[in-house]
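Structure record follows, encoded as structure tokens.
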Amino acid sequence: MLPYNKVCEVEDFTHPDLLPVLREVYPHELSRFGQNWPIGREYRKEWEVAMSIRAFRDLGVLHPNADVLGIGAGTEPTIFYLTNHVHRVYATDLYLQEWQSESANVGMFLNPDRYWPSLWNPRRLVVQHMNALDLKYEDDSFDAIFSSSSIEHFGGHDEIRQAVKEMARVLKPGGVLSLATEFRLAGPSPGMPGCLIFDEAELTGLVLGSALWEPANPLVASCSALTRSAERPYTELLAVVQAHVAEYGELFYHKLVWPEYPCLGLTYGPLAWTSVHLAIRKQSRQDSL
Ligand SMILES: C[S@@+](CC[C@H](N)C(=O)[O-])C[C@H]1O[C@@H](n2cnc3c(N)ncnc32)[C@H](O)[C@@H]1O
């Protein structure tokens, strides 16, 4: 079985636990790139989203009564896919403070359709401007929470601890948190300016180690030689995103094409990193007695 808590590896894209989820979540990528997709087109954002959906499904929170919260959610595919399967999706981000004009912007209030070319249900989406450090919800509100590529941008460790505390507070007992962030494969802490990159000890201290919840499995932090051999310079990928934003005015995942695949690992000076996914269940009231 593919672990839920693991570092992104190119082999995951052909794993029978993940490949069908990728193809179900992204029907338009099959139309765009052919029926062999994602083989030869491995991209870590799509891995993060599929890992999240798979965890929600397997851990029993993908159902028609579920309320799901996205934190630092931008325009990510998880939001749209989930509207087909749950009661309501609350997408939150600093939408009114455009973030590097890439991912969070007012377009999510005005015309979210343009960010997702496949089927979704606009009647089940609530978009709210909200700081992850101060969630405007009652305790125990959500069956599931997802946060992908976001906590690393919240500031320092104190801000992340506050955000994690908020996630734990608004998650229902028995609810599931799916968190994807950056995992450091080489180089020193804390990462890049404006973007923390974590190792296993840091993730344990900040997220996994809380007594409030239980990881779905112990973190598997190894990364295959094949994945590592395909690492690309961060500056190269940044230039691709900047050219895309210059052409389209903002980031559209479904129009993005990388010059080379797999597009999973990045390097910058001594640093090397890729994505990690964590799935955690909040203790039920009974467990905490
Ligand atoms: C790299 S983007 C990822 C967006 C989206 N999750 C995705 O995967 O496409 C990081 C996001 O974190 C958001 N963000 C940064 N600080 C935040 C905060 N304090 N509260 C909520 N969102 C925040 C940014 O606005 C941005 O949309």
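We label chains A, B, ... in the order they appear in the structure tokens, count residues from 1 in each chain, and number ligands from 1 in the order shown.
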
Closest contacts (stretch 38-152 of chain A/stretch 262-269 of chain A, max 12 Å, only C-alpha atoms) as JSON lines:
```
{"residue": "A:Pro38", "atom": "CA", "partner": "A:Pro262", "partner_atom": "CA", "distance": 9.7}
{"residue": "A:Ile39", "atom": "CA", "partner": "A:Pro262", "partner_atom": "CA", "distance": 8.9}
{"residue": "A:Gly40", "atom": "CA", "partner": "A:Pro262", "partner_atom": "CA", "distance": 6.6}
{"residue": "A:Arg41", "atom": "CA", "partner": "A:Pro262", "partner_atom": "CA", "distance": 6.0}
{"residue": "A:Glu42", "atom": "CA", "partner": "A:Pro262", "partner_atom": "CA", "distance": 4.6}
{"residue": "A:Tyr43", "atom": "CA", "partner": "A:Cys263", "partner_atom": "CA", "distance": 4.7}
{"residue": "A:Arg44", "atom": "CA", "partner": "A:Leu264", "partner_atom": "CA", "distance": 4.9}
{"residue": "A:Lys45", "atom": "CA", "partner": "A:Leu264", "partner_atom": "CA", "distance": 8.4}
{"residue": "A:Glu46", "atom": "CA", "partner": "A:Leu264", "partner_atom": "CA", "distance": 10.0}
{"residue": "A:Trp47", "atom": "CA", "partner": "A:Leu264", "partner_atom": "CA", "distance": 9.1}
{"residue": "A:Glu48", "atom": "CA", "partner": "A:Leu264", "partner_atom": "CA", "distance": 10.6}
```

Using only C-alpha atoms and all ligand atoms, find each residue of chain A with at least one atom at most 10 Å away from an atom of ligand 1; report its shortest atom-to-atom pair and that distance in Å (one decimal), sort the rows by chain and rising residue number, and return the result as a Markdown table.
```
| residue | atom | partner | partner_atom_place_in_ligand_line | distance |
| --- | --- | --- | --- | --- |
| A:Lys45 | CA | ligand 1 | 8 (O) | 6.8 |
| A:Glu46 | CA | ligand 1 | 8 (O) | 9.4 |
| A:Glu48 | CA | ligand 1 | 8 (O) | 8.3 |
| A:Val49 | CA | ligand 1 | 8 (O) | 8.2 |
| A:Gly70 | CA | ligand 1 | 6 (N) | 8.0 |
| A:Ile71 | CA | ligand 1 | 21 (C) | 6.1 |
| A:Gly72 | CA | ligand 1 | 22 (N) | 3.6 |
| A:Ala73 | CA | ligand 1 | 6 (N) | 3.9 |
| A:Gly74 | CA | ligand 1 | 5 (C) | 4.2 |
| A:Thr75 | CA | ligand 1 | 9 (O) | 5.6 |
| A:Glu76 | CA | ligand 1 | 9 (O) | 4.3 |
| A:Pro77 | CA | ligand 1 | 9 (O) | 7.7 |
| A:Thr78 | CA | ligand 1 | 8 (O) | 8.6 |
| A:Ile79 | CA | ligand 1 | 6 (N) | 9.4 |
| A:Ala91 | CA | ligand 1 | 6 (N) | 9.6 |
| A:Thr92 | CA | ligand 1 | 21 (C) | 6.8 |
| A:Asp93 | CA | ligand 1 | 22 (N) | 4.1 |
| A:Leu94 | CA | ligand 1 | 25 (O) | 4.8 |
| A:Tyr95 | CA | ligand 1 | 25 (O) | 6.4 |
| A:Leu96 | CA | ligand 1 | 25 (O) | 8.8 |
| A:Gln97 | CA | ligand 1 | 25 (O) | 7.2 |
| A:Glu98 | CA | ligand 1 | 25 (O) | 6.7 |
| A:Trp99 | CA | ligand 1 | 25 (O) | 4.7 |
| A:Gln100 | CA | ligand 1 | 25 (O) | 8.1 |
| A:Ser101 | CA | ligand 1 | 27 (O) | 9.0 |
| A:Glu102 | CA | ligand 1 | 2 (S) | 7.5 |
| A:Ser103 | CA | ligand 1 | 27 (O) | 5.0 |
| A:Ala104 | CA | ligand 1 | 27 (O) | 4.2 |
| A:Asn105 | CA | ligand 1 | 27 (O) | 7.9 |
| A:His129 | CA | ligand 1 | 21 (C) | 8.0 |
| A:Met130 | CA | ligand 1 | 21 (C) | 5.9 |
| A:Asn131 | CA | ligand 1 | 20 (N) | 3.6 |
| A:Ala132 | CA | ligand 1 | 20 (N) | 3.8 |
| A:Leu133 | CA | ligand 1 | 19 (N) | 5.9 |
| A:Asp134 | CA | ligand 1 | 20 (N) | 8.2 |
| A:Leu135 | CA | ligand 1 | 20 (N) | 8.9 |
| A:Phe146 | CA | ligand 1 | 6 (N) | 8.6 |
| A:Ser147 | CA | ligand 1 | 6 (N) | 6.1 |
| A:Ser148 | CA | ligand 1 | 6 (N) | 4.5 |
| A:Ser149 | CA | ligand 1 | 3 (C) | 4.8 |
| A:Ser150 | CA | ligand 1 | 12 (O) | 4.1 |
| A:Ile151 | CA | ligand 1 | 12 (O) | 6.9 |
| A:Glu152 | CA | ligand 1 | 10 (C) | 8.0 |
| A:His153 | CA | ligand 1 | 15 (C) | 5.1 |
| A:Phe154 | CA | ligand 1 | 16 (N) | 4.4 |
| A:Gly155 | CA | ligand 1 | 16 (N) | 7.6 |
| A:Glu159 | CA | ligand 1 | 19 (N) | 8.1 |
| A:Ile160 | CA | ligand 1 | 19 (N) | 9.1 |
| A:Ala163 | CA | ligand 1 | 19 (N) | 8.1 |
| A:Leu179 | CA | ligand 1 | 6 (N) | 9.9 |
| A:Ala180 | CA | ligand 1 | 8 (O) | 8.7 |
| A:Thr181 | CA | ligand 1 | 8 (O) | 9.3 |
| A:Gly194 | CA | ligand 1 | 15 (C) | 9.7 |
| A:Cys195 | CA | ligand 1 | 1 (C) | 9.1 |
| A:Leu251 | CA | ligand 1 | 9 (O) | 8.8 |
| A:Phe252 | CA | ligand 1 | 9 (O) | 9.4 |
| A:Tyr253 | CA | ligand 1 | 9 (O) | 8.1 |
```

Inset, instruction - Write out as a list in words all residues of stretch 31-60 of chain A that DSSP puts in helix (DSSP H, G or I) for this structure's backbone. - result: Ser31, Arg32, Phe33, Arg44, Lys45, Glu46, Trp47, Glu48, Val49, Ala50, Met51, Ser52, Ile53, Arg54, Ala55, Phe56, Arg57 and Asp58 of chain A

Skipping near chain neighbours, those fewer than 3 positions away, what residues fall within 9 Å of A:Pro117 using only C-alpha atoms, listed as a compact mmCIF listing (two decimals) with C-alpha atoms, in the first residue's frame?
```
# COMPACT_ATOMS: atom_id res chain seq x y z
CA HIS A 28 -8.72 17.26 -18.80
CA ASP A 113 -15.02 28.75 -13.45
CA ARG A 114 -11.97 29.90 -15.32
CA TRP A 120 -17.57 20.95 -10.63
CA HIS A 254 -4.59 23.45 -16.54
```

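Closest to A:Asp58 among A:Leu203, A:Met167, A:Leu125, A:Leu18 is A:Leu18, based on only C-alpha atoms.
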
Inset, instruction - Can you pull out every residue within 12 Å of A:Pro16, counting only C-alpha atoms, but drop anything in the same chain fewer than 6 positions away, and send it as a ChimeraX atom specification? - result: /A:1-2,22-23,54

Inset, instruction - For A:Ile145, work out the shell of residues within 7 Å, counting only C-alpha atoms and skipping chain neighbours fewer than 3 positions away, then give it as JSON, numbers by chain. - result: {"A": [68, 69, 70, 142, 176, 177, 178]}

Legend entry - Selected residue, from A:His244, A:Arg32, A:Arg184, A:His87, that lies nearest to A:Cys223 when counting only C-alpha atoms: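 Ranked by minimum distance to A:Cys223, first place goes to A:Arg184.
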
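With distances restricted to only C-alpha atoms, A:Leu185 is the closest residue to A:Thr274 from A:Leu19, A:Leu226, A:Leu196, A:Leu185.
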
Inset, instruction - Please measure the separation of atom CA of A:Tyr137 and atom CA of A:Leu278, giving the value in Å to one decimal. - result: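 Between atom CA of A:Tyr137 and atom CA of A:Leu278 the gap is 22.9 Å.
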
Inset, instruction - Using backbone DSSP assignments, extract all strand (DSSP E or B) residues from stretch 70-211 of chain A; output them as number ranges by chain. - result: A: 70, 88-93, 125-129, 142-148, 171-186, 191-192, 195-196, 198

Would you mind exporting the chosen residues as an mmCIF file, in the first residue's frame, restricted to C-alpha atoms?
```
data_model
loop_
_atom_site.group_PDB
_atom_site.id
_atom_site.type_symbol
_atom_site.label_atom_id
_atom_site.label_comp_id
_atom_site.auth_asym_id
_atom_site.auth_seq_id
_atom_site.Cartn_x
_atom_site.Cartn_y
_atom_site.Cartn_z
ATOM 1 C CA GLY A 70 -9.176 24.662 2.242
ATOM 2 C CA ARG A 88 -19.709 22.218 0.938
ATOM 3 C CA VAL A 89 -16.141 23.375 0.264
ATOM 4 C CA TYR A 90 -14.889 26.519 2.009
ATOM 5 C CA ALA A 91 -11.893 27.894 0.083
ATOM 6 C CA THR A 92 -9.956 30.407 2.189
ATOM 7 C CA ASP A 93 -6.859 32.432 1.393
ATOM 8 C CA LEU A 125 -18.316 26.453 -3.043
ATOM 9 C CA VAL A 126 -17.863 29.256 -0.495
ATOM 10 C CA VAL A 127 -14.852 31.538 -1.108
ATOM 11 C CA GLN A 128 -13.634 33.642 1.829
ATOM 12 C CA HIS A 129 -10.734 36.003 2.432
ATOM 13 C CA PHE A 142 -15.081 20.626 9.542
ATOM 14 C CA ASP A 143 -14.932 16.972 8.576
ATOM 15 C CA ALA A 144 -11.731 17.578 6.636
ATOM 16 C CA ILE A 145 -9.139 20.278 5.988
ATOM 17 C CA PHE A 146 -6.643 20.542 3.152
ATOM 18 C CA SER A 147 -3.685 22.847 2.883
ATOM 19 C CA SER A 148 -1.215 22.474 0.069
ATOM 20 C CA LEU A 171 -11.463 20.193 12.689
ATOM 21 C CA LYS A 172 -14.185 17.935 14.094
ATOM 22 C CA PRO A 173 -13.077 15.099 16.393
ATOM 23 C CA GLY A 174 -12.340 12.194 14.029
ATOM 24 C CA GLY A 175 -11.812 14.676 11.145
ATOM 25 C CA VAL A 176 -8.862 14.452 8.756
ATOM 26 C CA LEU A 177 -6.181 17.009 7.903
ATOM 27 C CA SER A 178 -4.350 16.656 4.580
ATOM 28 C CA LEU A 179 -1.273 18.836 4.477
ATOM 29 C CA ALA A 180 1.239 19.117 1.642
ATOM 30 C CA THR A 181 4.360 21.207 2.000
ATOM 31 C CA GLU A 182 8.073 21.368 1.098
ATOM 32 C CA PHE A 183 10.462 18.630 2.224
ATOM 33 C CA ARG A 184 14.205 19.263 2.405
ATOM 34 C CA LEU A 185 16.326 16.537 0.834
ATOM 35 C CA ALA A 186 19.640 18.426 1.136
ATOM 36 C CA GLY A 191 15.050 27.012 3.454
ATOM 37 C CA MET A 192 14.541 29.940 1.086
ATOM 38 C CA CYS A 195 9.562 29.828 1.916
ATOM 39 C CA LEU A 196 10.453 27.421 4.701
ATOM 40 C CA PHE A 198 11.203 21.313 6.350
#
```

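Using only C-alpha atoms, the shortest contact distance between A:Trp116 and any of A:Val25, A:Leu206, A:Ile53, A:Val220 is found at A:Val25.
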